[in-house]
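Here's structure12.tsv, which has TSV, C-alpha atoms and all ligand atoms:
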```tsv
chain	number	residue	atom	x	y	z
P	1	MET	CA	68.43	96.74	-21.75
P	2	LEU	CA	70.26	97.40	-18.49
P	3	HIS	CA	69.96	101.12	-19.10
P	4	ASP	CA	66.14	100.96	-19.32
P	5	TRP	CA	66.07	98.75	-16.27
P	6	LEU	CA	68.39	100.74	-14.01
P	7	ALA	CA	68.20	104.38	-15.12
P	8	PRO	CA	64.72	104.97	-13.58
P	9	LYS	CA	65.95	103.48	-10.30
P	10	ALA	CA	68.98	105.77	-10.33
P	11	ALA	CA	66.77	108.79	-11.09
P	12	ALA	CA	64.44	107.91	-8.20
P	13	LEU	CA	67.38	107.71	-5.78
P	14	GLU	CA	68.80	110.99	-7.07
P	15	ALA	CA	65.42	112.72	-6.62
P	16	ARG	CA	65.45	111.70	-2.94
P	17	GLY	CA	69.04	112.82	-2.39
P	18	LEU	CA	70.12	109.24	-1.68
P	19	THR	CA	72.58	108.46	-4.48
P	20	ARG	CA	75.84	107.03	-3.16
P	21	ARG	CA	79.08	107.81	-4.96
P	22	LEU	CA	82.57	106.45	-4.59
P	23	ARG	CA	85.28	108.99	-3.84
P	24	ALA	CA	88.81	107.69	-4.26
P	25	ARG	CA	91.30	108.96	-1.68
P	26	ALA	CA	94.46	110.36	-3.20
P	27	ALA	CA	97.81	109.25	-1.77
P	28	GLY	CA	99.32	111.79	0.59
P	29	GLU	CA	96.15	113.84	1.10
P	30	ASP	CA	96.45	116.54	3.73
P	31	LEU	CA	93.10	116.18	5.50
P	32	ILE	CA	91.98	115.58	9.06
P	33	ASP	CA	90.17	112.29	8.74
P	34	LEU	CA	87.04	111.79	10.84
P	35	ALA	CA	85.33	109.45	8.41
P	36	GLY	CA	87.41	106.26	8.55
P	37	ASN	CA	87.11	103.62	11.27
P	38	ASP	CA	90.76	103.62	12.32
P	39	TYR	CA	89.64	104.20	15.93
P	40	LEU	CA	93.02	103.69	17.56
P	41	GLY	CA	95.01	105.45	14.84
P	42	LEU	CA	97.02	102.33	14.01
P	43	THR	CA	96.71	101.84	10.24
P	44	ARG	CA	99.92	103.81	9.75
P	45	ASP	CA	101.69	102.71	12.90
P	46	PRO	CA	105.20	101.56	11.89
P	47	ARG	CA	104.91	98.42	14.06
P	48	VAL	CA	101.69	97.41	12.33
P	49	ILE	CA	103.06	98.15	8.86
P	50	ALA	CA	106.25	96.21	9.58
P	51	ALA	CA	104.27	93.18	10.78
P	52	ALA	CA	102.15	93.17	7.62
P	53	ALA	CA	105.23	93.52	5.40
P	54	ALA	CA	107.03	90.71	7.25
P	55	ALA	CA	103.99	88.46	6.82
P	56	VAL	CA	104.04	89.05	3.07
P	57	GLU	CA	107.72	88.04	3.03
P	58	THR	CA	107.05	84.94	5.11
P	59	TRP	CA	103.70	83.74	3.83
P	60	GLY	CA	103.30	85.43	0.44
P	61	THR	CA	100.62	87.80	-0.76
P	62	GLY	CA	97.63	85.52	-0.30
P	63	SER	CA	96.54	82.72	2.01
P	64	THR	CA	96.44	80.38	-1.03
P	65	ALA	CA	93.15	78.56	-0.25
P	66	SER	CA	90.28	78.16	2.16
P	67	ARG	CA	91.14	77.68	5.83
P	68	LEU	CA	90.42	73.92	5.65
P	69	VAL	CA	92.82	73.41	2.74
P	70	THR	CA	96.05	75.45	2.95
P	71	GLY	CA	94.62	78.79	4.12
P	72	THR	CA	95.44	78.32	7.81
P	73	THR	CA	98.96	79.43	8.77
P	74	GLU	CA	100.60	79.51	12.18
P	75	LEU	CA	99.90	83.23	12.08
P	76	HIS	CA	96.14	82.60	11.94
P	77	GLU	CA	96.40	80.44	15.03
P	78	GLN	CA	98.54	83.02	16.86
P	79	LEU	CA	96.00	85.73	16.04
P	80	GLU	CA	93.10	83.60	17.22
P	81	SER	CA	94.80	82.66	20.50
P	82	ALA	CA	95.84	86.25	21.20
P	83	LEU	CA	92.36	87.64	20.52
P	84	ALA	CA	90.67	84.95	22.61
P	85	ALA	CA	93.02	85.62	25.54
P	86	TYR	CA	92.54	89.39	25.28
P	87	ALA	CA	88.74	89.14	25.16
P	88	GLY	CA	88.61	86.51	27.92
P	89	GLN	CA	87.17	83.83	25.64
P	90	GLU	CA	88.05	80.16	25.32
P	91	SER	CA	88.61	80.27	21.58
P	92	ALA	CA	88.41	82.36	18.44
P	93	LEU	CA	88.02	81.64	14.73
P	94	ALA	CA	89.09	84.16	12.10
P	95	PHE	CA	87.06	84.86	8.97
P	96	SER	CA	88.04	87.05	6.04
P	97	SER	CA	85.70	89.84	7.17
P	98	GLY	CA	83.46	90.82	10.05
P	99	TYR	CA	80.52	90.57	7.66
P	100	LEU	CA	81.34	86.93	6.97
P	101	ALA	CA	81.93	86.20	10.66
P	102	ASN	CA	78.35	87.31	11.33
P	103	LEU	CA	76.97	85.34	8.39
P	104	GLY	CA	79.00	82.33	9.54
P	105	ILE	CA	77.88	82.10	13.14
P	106	VAL	CA	74.22	82.94	12.55
P	107	THR	CA	73.78	80.52	9.67
P	108	ALA	CA	75.71	77.77	11.46
P	109	LEU	CA	73.51	78.07	14.55
P	110	GLY	CA	70.33	78.88	12.62
P	111	GLY	CA	67.81	76.64	10.89
P	112	PRO	CA	64.22	75.62	11.51
P	113	GLY	CA	64.91	74.60	15.14
P	114	THR	CA	66.40	77.98	16.08
P	115	LEU	CA	64.53	81.21	16.72
P	116	LEU	CA	66.55	84.33	15.89
P	117	VAL	CA	65.68	87.39	17.99
P	118	SER	CA	67.24	90.48	16.49
P	119	ASP	CA	67.43	94.05	17.80
P	120	GLU	CA	65.97	96.35	15.14
P	121	HIS	CA	69.20	98.38	14.98
P	122	VAL	CA	71.71	95.59	14.28
P	123	HIS	CA	74.20	95.95	11.45
P	124	ALA	CA	73.29	94.91	7.89
P	125	SER	CA	75.55	91.85	8.15
P	126	LEU	CA	73.39	90.45	10.97
P	127	VAL	CA	70.22	91.34	9.07
P	128	ASP	CA	71.53	89.45	6.05
P	129	ALA	CA	72.62	86.57	8.28
P	130	CYS	CA	69.03	86.28	9.54
P	131	ARG	CA	67.76	86.22	5.96
P	132	LEU	CA	70.15	83.38	5.07
P	133	ALA	CA	69.66	81.30	8.19
P	134	ARG	CA	66.32	79.65	7.31
P	135	SER	CA	65.12	80.36	10.85
P	136	ARG	CA	62.05	82.16	12.12
P	137	VAL	CA	63.19	85.71	12.86
P	138	GLU	CA	61.66	88.08	15.41
P	139	VAL	CA	62.83	91.69	15.16
P	140	VAL	CA	62.37	93.46	18.50
P	141	PRO	CA	62.42	97.19	19.36
P	142	HIS	CA	65.84	98.66	20.02
P	143	ASN	CA	67.36	97.70	23.38
P	144	ASP	CA	64.03	96.38	24.63
P	145	ALA	CA	64.93	93.49	26.95
P	146	GLU	CA	61.28	92.95	27.88
P	147	ALA	CA	60.38	92.37	24.23
P	148	VAL	CA	63.27	89.89	23.92
P	149	GLU	CA	62.03	87.99	26.96
P	150	LYS	CA	58.50	87.85	25.62
P	151	VAL	CA	59.48	86.23	22.33
P	152	LEU	CA	61.91	83.85	24.02
P	153	ALA	CA	59.24	82.74	26.49
P	154	GLY	CA	56.64	82.22	23.77
P	155	ARG	CA	58.76	80.23	21.33
P	156	ASN	CA	58.30	76.66	20.14
P	157	GLU	CA	61.82	76.22	18.77
P	158	PRO	CA	64.24	74.26	21.01
P	159	HIS	CA	67.03	76.80	20.41
P	160	ALA	CA	67.21	80.57	20.27
P	161	LEU	CA	69.89	83.12	19.44
P	162	VAL	CA	69.54	86.76	20.52
P	163	LEU	CA	71.43	89.22	18.29
P	164	THR	CA	72.73	92.57	19.46
P	165	GLU	CA	75.77	94.87	19.35
P	166	SER	CA	77.75	96.04	22.37
P	167	VAL	CA	77.96	99.57	20.90
P	168	PHE	CA	75.57	100.23	18.02
P	169	SER	CA	76.90	101.51	14.70
P	170	VAL	CA	74.68	104.53	14.09
P	171	LEU	CA	73.49	105.80	17.47
P	172	SER	CA	76.64	104.69	19.32
P	173	ASP	CA	74.53	103.63	22.29
P	174	GLU	CA	75.07	100.43	24.28
P	175	ALA	CA	72.97	97.28	24.59
P	176	PRO	CA	71.79	96.19	28.08
P	177	LEU	CA	74.18	93.23	27.96
P	178	THR	CA	73.86	92.10	31.58
P	179	GLU	CA	70.09	92.01	31.35
P	180	LEU	CA	70.09	90.28	27.96
P	181	ALA	CA	72.59	87.64	29.12
P	182	ALA	CA	70.53	86.91	32.24
P	183	LEU	CA	67.30	86.48	30.36
P	184	ALA	CA	68.99	84.43	27.62
P	185	LEU	CA	70.23	82.07	30.34
P	186	ALA	CA	66.80	81.90	31.98
P	187	HIS	CA	65.21	80.97	28.64
P	188	ASP	CA	67.88	78.54	27.45
P	189	ALA	CA	69.03	80.86	24.67
P	190	VAL	CA	72.41	82.08	23.43
P	191	LEU	CA	73.31	85.78	23.26
P	192	LEU	CA	75.40	86.90	20.28
P	193	VAL	CA	77.11	90.27	20.73
P	194	ASP	CA	78.75	92.02	17.78
P	195	GLU	CA	81.71	93.95	19.21
P	196	ALA	CA	82.68	95.68	15.95
P	197	HIS	CA	82.49	99.03	17.74
P	198	GLY	CA	83.34	97.75	21.22
P	199	LEU	CA	86.76	96.20	20.64
P	200	GLY	CA	89.49	98.74	21.37
P	201	VAL	CA	86.93	101.23	22.70
P	202	SER	CA	84.72	99.77	25.46
P	203	GLY	CA	85.90	98.30	28.73
P	204	GLY	CA	89.43	99.64	28.36
P	205	GLY	CA	89.64	97.98	24.93
P	206	ARG	CA	88.55	94.43	25.71
P	207	GLY	CA	84.97	95.19	24.70
P	208	GLY	CA	81.57	95.49	26.30
P	209	VAL	CA	81.13	91.76	26.98
P	210	HIS	CA	84.36	91.63	28.98
P	211	ALA	CA	83.47	94.85	30.81
P	212	ALA	CA	80.10	93.39	31.81
P	213	GLY	CA	81.78	90.27	33.25
P	214	LEU	CA	80.18	88.06	30.59
P	215	ALA	CA	83.32	86.90	28.76
P	216	GLY	CA	83.83	83.14	28.78
P	217	LEU	CA	80.22	82.27	29.62
P	218	ASP	CA	78.88	79.28	27.75
P	219	HIS	CA	75.79	81.12	26.47
P	220	VAL	CA	77.41	84.43	25.40
P	221	VAL	CA	79.31	84.55	22.11
P	222	VAL	CA	80.98	87.45	20.37
P	223	THR	CA	81.89	88.59	16.87
P	224	MET	CA	84.44	91.28	16.06
P	225	THR	CA	85.83	92.98	13.00
P	226	LEU	CA	89.57	93.43	12.56
P	227	SER	CA	88.90	96.45	10.34
P	228	LYS	CA	88.29	99.19	12.90
P	229	SER	CA	90.37	99.28	16.11
P	230	LEU	CA	92.71	96.60	14.80
P	231	ALA	CA	93.59	98.62	11.71
P	232	SER	CA	93.33	95.71	9.33
P	233	GLN	CA	90.71	93.59	7.64
P	234	GLY	CA	88.96	90.40	8.70
P	235	GLY	CA	86.56	89.18	11.34
P	236	VAL	CA	86.43	86.77	14.21
P	237	VAL	CA	83.94	84.71	16.22
P	238	LEU	CA	84.84	84.14	19.87
P	239	GLY	CA	83.31	81.68	22.32
P	240	PRO	CA	83.60	78.14	23.68
P	241	SER	CA	85.77	75.73	21.65
P	242	VAL	CA	82.76	73.54	20.95
P	243	LEU	CA	81.40	76.50	18.97
P	244	ARG	CA	84.70	76.93	17.11
P	245	ASP	CA	84.66	73.25	16.11
P	246	HIS	CA	81.05	73.57	14.95
P	247	LEU	CA	81.88	76.61	12.80
P	248	ILE	CA	84.85	74.86	11.20
P	249	ASN	CA	82.44	72.13	10.12
P	250	ARG	CA	79.28	74.07	9.43
P	251	ALA	CA	79.88	77.76	8.71
P	252	ARG	CA	79.74	78.09	4.93
P	253	PRO	CA	81.35	81.58	4.88
P	254	PHE	CA	84.31	79.96	6.66
P	255	ILE	CA	84.48	76.70	4.71
P	256	TYR	CA	83.99	78.08	1.20
P	257	ASP	CA	85.94	81.34	1.45
P	258	THR	CA	89.67	81.85	0.96
P	259	GLY	CA	91.34	82.23	4.35
P	260	LEU	CA	92.13	85.61	5.85
P	261	ASN	CA	95.12	87.17	4.09
P	262	PRO	CA	98.24	86.57	6.25
P	263	ALA	CA	99.26	90.24	5.96
P	264	ALA	CA	95.87	91.26	7.34
P	265	GLY	CA	96.18	88.76	10.17
P	266	ALA	CA	99.66	89.97	11.04
P	267	ALA	CA	98.59	93.61	11.01
P	268	ALA	CA	95.65	92.86	13.32
P	269	LEU	CA	97.90	90.90	15.68
P	270	ALA	CA	100.45	93.72	15.77
P	271	ALA	CA	97.69	96.28	16.40
P	272	LEU	CA	96.40	94.14	19.26
P	273	ARG	CA	99.89	94.07	20.76
P	274	VAL	CA	100.08	97.87	20.52
P	275	LEU	CA	96.69	98.19	22.19
P	276	GLN	CA	97.88	95.94	25.02
P	277	ALA	CA	101.14	97.86	25.42
P	278	GLU	CA	99.44	101.27	25.20
P	279	PRO	CA	96.20	100.93	27.13
P	280	HIS	CA	95.62	104.69	27.14
P	281	ARG	CA	94.39	104.57	23.53
P	282	PRO	CA	90.72	103.67	24.26
P	283	ALA	CA	90.47	106.59	26.71
P	284	ALA	CA	91.89	108.90	24.02
P	285	VAL	CA	89.09	107.75	21.67
P	286	HIS	CA	86.46	108.67	24.27
P	287	ALA	CA	88.06	112.05	24.96
P	288	ALA	CA	88.12	112.89	21.24
P	289	ALA	CA	84.53	111.66	20.84
P	290	ALA	CA	83.40	113.93	23.68
P	291	ARG	CA	84.99	116.94	21.96
P	292	LEU	CA	83.36	116.06	18.62
P	293	ALA	CA	79.97	115.59	20.29
P	294	ALA	CA	80.24	119.05	21.85
P	295	ALA	CA	81.18	120.53	18.46
P	296	GLY	CA	78.18	118.82	16.85
P	297	GLY	CA	75.84	119.91	19.65
P	298	VAL	CA	74.85	116.36	20.62
P	299	PRO	CA	75.25	114.38	23.88
P	300	PRO	CA	78.45	112.33	24.28
P	301	SER	CA	78.32	108.93	22.56
P	302	ARG	CA	79.31	105.58	24.12
P	303	GLY	CA	81.62	104.70	21.24
P	304	ALA	CA	83.96	106.27	18.74
P	305	VAL	CA	81.21	107.36	16.36
P	306	VAL	CA	79.35	110.60	17.00
P	307	SER	CA	76.16	111.00	14.97
P	308	VAL	CA	74.66	114.43	14.45
P	309	PRO	CA	71.03	114.40	13.18
P	310	MET	CA	70.41	116.61	10.15
P	311	PRO	CA	67.18	117.87	8.58
P	312	GLY	CA	67.55	115.50	5.60
P	313	PRO	CA	69.96	113.52	3.43
P	314	ARG	CA	70.93	116.50	1.25
P	315	GLU	CA	71.83	118.57	4.30
P	316	ALA	CA	73.90	115.70	5.72
P	317	VAL	CA	75.85	115.43	2.47
P	318	ARG	CA	76.23	119.19	2.11
P	319	ALA	CA	77.52	119.55	5.67
P	320	ALA	CA	80.08	116.82	4.95
P	321	GLU	CA	81.10	118.67	1.76
P	322	LEU	CA	81.54	121.92	3.68
P	323	CYS	CA	83.80	120.15	6.16
P	324	LEU	CA	85.83	118.66	3.32
P	325	GLU	CA	86.23	122.07	1.67
P	326	ASN	CA	87.79	123.14	4.97
P	327	GLY	CA	90.20	120.24	5.27
P	328	VAL	CA	88.17	117.86	7.45
P	329	ARG	CA	86.74	114.63	6.10
P	330	VAL	CA	83.59	113.46	7.89
P	331	GLY	CA	81.02	110.85	6.90
P	332	SER	CA	77.28	110.85	6.58
P	333	PHE	CA	74.56	108.32	7.36
P	334	ARG	CA	71.55	108.30	5.10
P	335	PRO	CA	68.70	105.83	4.48
P	336	PRO	CA	68.90	102.86	4.17
P	337	SER	CA	71.88	102.90	6.60
P	338	VAL	CA	69.92	104.54	9.42
P	339	PRO	CA	67.49	102.44	11.44
P	340	ASP	CA	65.11	105.35	12.12
P	341	GLY	CA	65.29	107.06	8.70
P	342	ILE	CA	67.05	110.16	10.12
P	343	SER	CA	70.08	111.31	8.11
P	344	ARG	CA	73.14	112.24	10.11
P	345	VAL	CA	76.63	113.63	9.88
P	346	ARG	CA	78.97	110.90	11.09
P	347	LEU	CA	82.07	111.95	13.03
P	348	THR	CA	84.55	109.25	13.98
P	349	ALA	CA	86.93	109.87	16.85
P	350	HIS	CA	90.49	108.55	16.64
P	351	ALA	CA	93.04	108.05	19.37
P	352	GLY	CA	95.73	109.50	17.11
P	353	LEU	CA	94.29	113.02	16.63
P	354	SER	CA	96.59	115.79	17.81
P	355	SER	CA	94.97	118.46	19.95
P	356	THR	CA	95.64	121.04	17.21
P	357	ASP	CA	93.83	118.88	14.65
P	358	LEU	CA	91.00	118.26	17.05
P	359	ASP	CA	90.60	122.00	17.76
P	360	ARG	CA	90.57	122.75	14.06
P	361	ALA	CA	88.17	119.90	13.26
P	362	CYS	CA	85.75	120.99	15.99
P	363	ALA	CA	85.68	124.57	14.69
P	364	VAL	CA	85.03	123.41	11.10
P	365	ILE	CA	82.33	120.95	12.17
P	366	ALA	CA	80.50	123.43	14.40
P	367	ASP	CA	80.50	125.94	11.57
P	368	ALA	CA	79.29	123.46	8.90
P	369	ILE	CA	76.55	121.94	11.04
P	370	GLY	CA	75.54	125.39	12.35
P	371	GLN	CA	74.56	126.35	8.80
P	372	PHE	CA	71.66	123.90	8.91
P	373	SER	CA	70.30	124.38	12.41
H	1	LIG	C1	78.45	96.33	13.74
H	1	LIG	C2	79.22	95.83	12.56
H	1	LIG	N1	79.30	94.51	12.35
H	1	LIG	C3	79.98	94.03	11.29
H	1	LIG	C4	80.59	94.86	10.40
H	1	LIG	C5	81.29	94.26	9.22
H	1	LIG	O1	82.65	94.15	9.44
H	1	LIG	P1	83.67	94.10	8.21
H	1	LIG	O2	83.80	95.49	7.70
H	1	LIG	O3	84.91	93.56	8.80
H	1	LIG	O4	83.08	93.19	7.18
H	1	LIG	C6	80.55	96.25	10.62
H	1	LIG	C7	81.18	97.24	9.73
H	1	LIG	O5	81.99	97.27	9.03
H	1	LIG	C8	79.84	96.75	11.71
H	1	LIG	O6	79.77	98.07	11.94
```
Please re-express this file's structure in structure tokens.
Ligand SMILES: Cc1ncc(COP(=O)(O)O)c(C=O)c1O
Amino acid sequence: MLHDWLAPKAAALEARGLTRRLRARAAGEDLIDLAGNDYLGLTRDPRVIAAAAAAVETWGTGSTASRLVTGTTELHEQLESALAAYAGQESALAFSSGYLANLGIVTALGGPGTLLVSDEHVHASLVDACRLARSRVEVVPHNDAEAVEKVLAGRNEPHALVLTESVFSVLSDEAPLTELAALALAHDAVLLVDEAHGLGVSGGGRGGVHAAGLAGLDHVVVTMTLSKSLASQGGVVLGPSVLRDHLINRARPFIYDTGLNPAAGAAALAALRVLQAEPHRPAAVHAAAARLAAAGGVPPSRGAVVSVPMPGPREAVRAAELCLENGVRVGSFRPPSVPDGISRVRLTAHAGLSSTDLDRACAVIADAIGQFS
């Protein structure tokens, strides 16, 4: 029965070149990795590994329950305080992923009395959060502050939440945060900024909200993932403590989910400490991204991800295969992961790349992409 149901769907995807396949990494592979999101090159940092191992010794292999039962350890509170202080926010609340942090805040603030105004390019987790929130949702054109203002001004709902990202996932461009925060304030709305790609990269590491002087404002809240610059896994919502208290009581992805694994929390905290002690790392990400953009023949990006448009999904996958055959792992973006339907080769810059690796990667990428232009 399942075969008859699913096989035609699989064939249709295959015909369009859009089938996704898992590829397991082998231990000890000798590849230059430009596909992972380890922006600061910290997943193998001995300080981060040691912190995770020590947390397993101290707290065990799991958090044992949801945060409201026994899943909150002193480590969770240390991580939250350290992240809030770093980002210039009053408080932080850790979730077990960035995806759940987005679901948590949007559903806890959403409902029939809240209008959600979402940039058309936001990450799937925010799209899904809008679907779950039981709010009216207005999707506005990308980075169009005028369109945001228009829907805010015309609303009937008493509350409104504007959703954006500081640095967008696919195009790696930045939201007009100052403008959005000003018009949110003028229209009695809250601005939610996903800093998944901003933390560790923008504003010297503290993110785009901090760089724009918006950190700590009552109407600007932030979500982050711990899985990119912080070399771990988990997510966090940052903002006023009244928001944190509300989430503890109302955010279902917080209340009904097992707490963040202590080892993941410890790794993220250790990575944050490294970032603070070695503030040159964000600049190294930008320098590597500029080199990759030049190799791909595209303008420099604002974040770690460099996207190179390709003629179609098959070409994007084939270019990635060619790179892999030459020792460089890159990613690809294909529908439905691209907001404008254009398939791309995805190159992720890392602070840890040696200049020899970067030279080699750039040569391989230019050659692979050149075959399709
Ligand atoms: C913009 C954005 N928000 C949220 C997430 C989800 O974070 P996590 O992987 O921690 O669930 C991601 C990607 O992973 C992302 O790119």
Quick one: everything within 8 Å of stretch 12-28 of chain P, counting all atoms listed in the file, minus sequence neighbours fewer than 5 positions away in the same chain. Send it as a ChimeraX atom specification.
/P:313-314,334-335
Kindly compile the residues surrounding ligand LIG 1 (chain H) within 7 Å, counting all atoms listed in the file, and format them as a PyMOL selection string.
chain P and resi 97-100+102+122-123+125+165+168-169+194-197+225-227+233-235
Residue contacts of stretch 176-188 of chain P (8 Å, all atoms listed in the file) excluding same-chain residues fewer than 2 positions away, as a PyMOL selection string:
chain P and resi 143+145+148-149+152-153+159-160+162+166+174+190-191+208-209+212+214+219-220
Hey, can you check how far atom CA of P:Ile255 sits from atom CA of P:Ala84?
20.7 Å
Please identify every residue of stretch 211-241 of chain P that has at least one atom no farther than 8 Å from an atom of stretch 271-274 of chain P, counting only C-alpha atoms, and for each give the shortest atom pair and the distance in Å to one decimal, arranged by chain then increasing number, as JSON lines.
```
{"residue": "P:Ser229", "atom": "CA", "partner": "P:Ala271", "partner_atom": "CA", "distance": 7.9}
{"residue": "P:Leu230", "atom": "CA", "partner": "P:Ala271", "partner_atom": "CA", "distance": 5.2}
{"residue": "P:Ala231", "atom": "CA", "partner": "P:Ala271", "partner_atom": "CA", "distance": 6.7}
```
Pull the neighbourhood of (80.2, 124.4, 6.0) for me: all residues within 7 Å in file coordinates, counting all atoms listed in the file, as an mmCIF file with C-alpha atoms, in the coordinates of the input.
```cif
data_model
loop_
_atom_site.group_PDB
_atom_site.id
_atom_site.type_symbol
_atom_site.label_atom_id
_atom_site.label_comp_id
_atom_site.auth_asym_id
_atom_site.auth_seq_id
_atom_site.Cartn_x
_atom_site.Cartn_y
_atom_site.Cartn_z
ATOM 1 C CA ALA P 319 77.520 119.550 5.670
ATOM 2 C CA LEU P 322 81.540 121.920 3.680
ATOM 3 C CA CYS P 323 83.800 120.150 6.160
ATOM 4 C CA ASP P 367 80.500 125.940 11.570
ATOM 5 C CA ALA P 368 79.290 123.460 8.900
ATOM 6 C CA ILE P 369 76.550 121.940 11.040
ATOM 7 C CA GLN P 371 74.560 126.350 8.800
#
```
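Non-sequential neighbours of stretch 108-121 of chain P (distance at most 7 Å, separation of 6 or more positions within a chain, all atoms listed in the file) are Ala133, Arg134, Ser135, Arg136, Val137, Glu138, Val139, Val140, Pro141, His142, Asn143, Val148, Glu157, Pro158, His159, Ala160, Leu161, Val162, Leu163, Thr164, Leu247, Arg250, Ala251 and Pro339 of chain P.
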When you count only C-alpha atoms, which of these residues is closest to P:Gly71: P:Ala51, P:Ala94, P:Val338, P:Ala7?
P:Ala94
List as a ChimeraX atom specification the protein and nucleic acid residues near P:Asp38, meaning an atom at most 10 Å away when all atoms listed in the file are counted, but skip any in the same chain fewer than 3 places from it.
/P:33-35,41-44,227-232,304,348-352
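Atom CA of P:Asp173 to atom CA of P:Ala215 spans 20.0 Å [interatomic distance, one decimal].
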To one decimal place, how far is atom CA of P:Thr61 from atom CA of P:Leu93 in Å?
20.9 Å
Within 12 Å of P:Ser301, counting only C-alpha atoms, which residues qualify if same-chain residues fewer than 5 places away don't, as a PyMOL selection string?
chain P and resi 167-174+197+201-202+285-294+296+306-308+346-349
Determine the nearest neighbour of P:Gly297 from the options P:Val193, P:Ile365, P:Val237, P:Ala65, counting only C-alpha atoms.
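Smallest distance to P:Gly297 is found for P:Ile365.
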Can you work out which one of P:Leu103, P:Ala54, P:Val328, P:Leu353 has the shortest atom-to-atom distance to P:Ala124, counting only C-alpha atoms?
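Among the listed residues, the smallest separation from P:Ala124 belongs to P:Leu103.
Using only C-alpha atoms, the nearest neighbour of P:Ala266 within the list P:Ala10, P:Phe333, P:Gly204, P:Glu80 is P:Glu80.
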Which is closest to P:Met310 among P:Gly62, P:Gly259, P:Gly265, P:Gly341, if we use only C-alpha atoms?
P:Gly341
Among the residues P:Ala85, P:Ser343, P:Ala263, P:His210, the one that comes closest to P:Gly60 [using only C-alpha atoms]:
P:Ala263
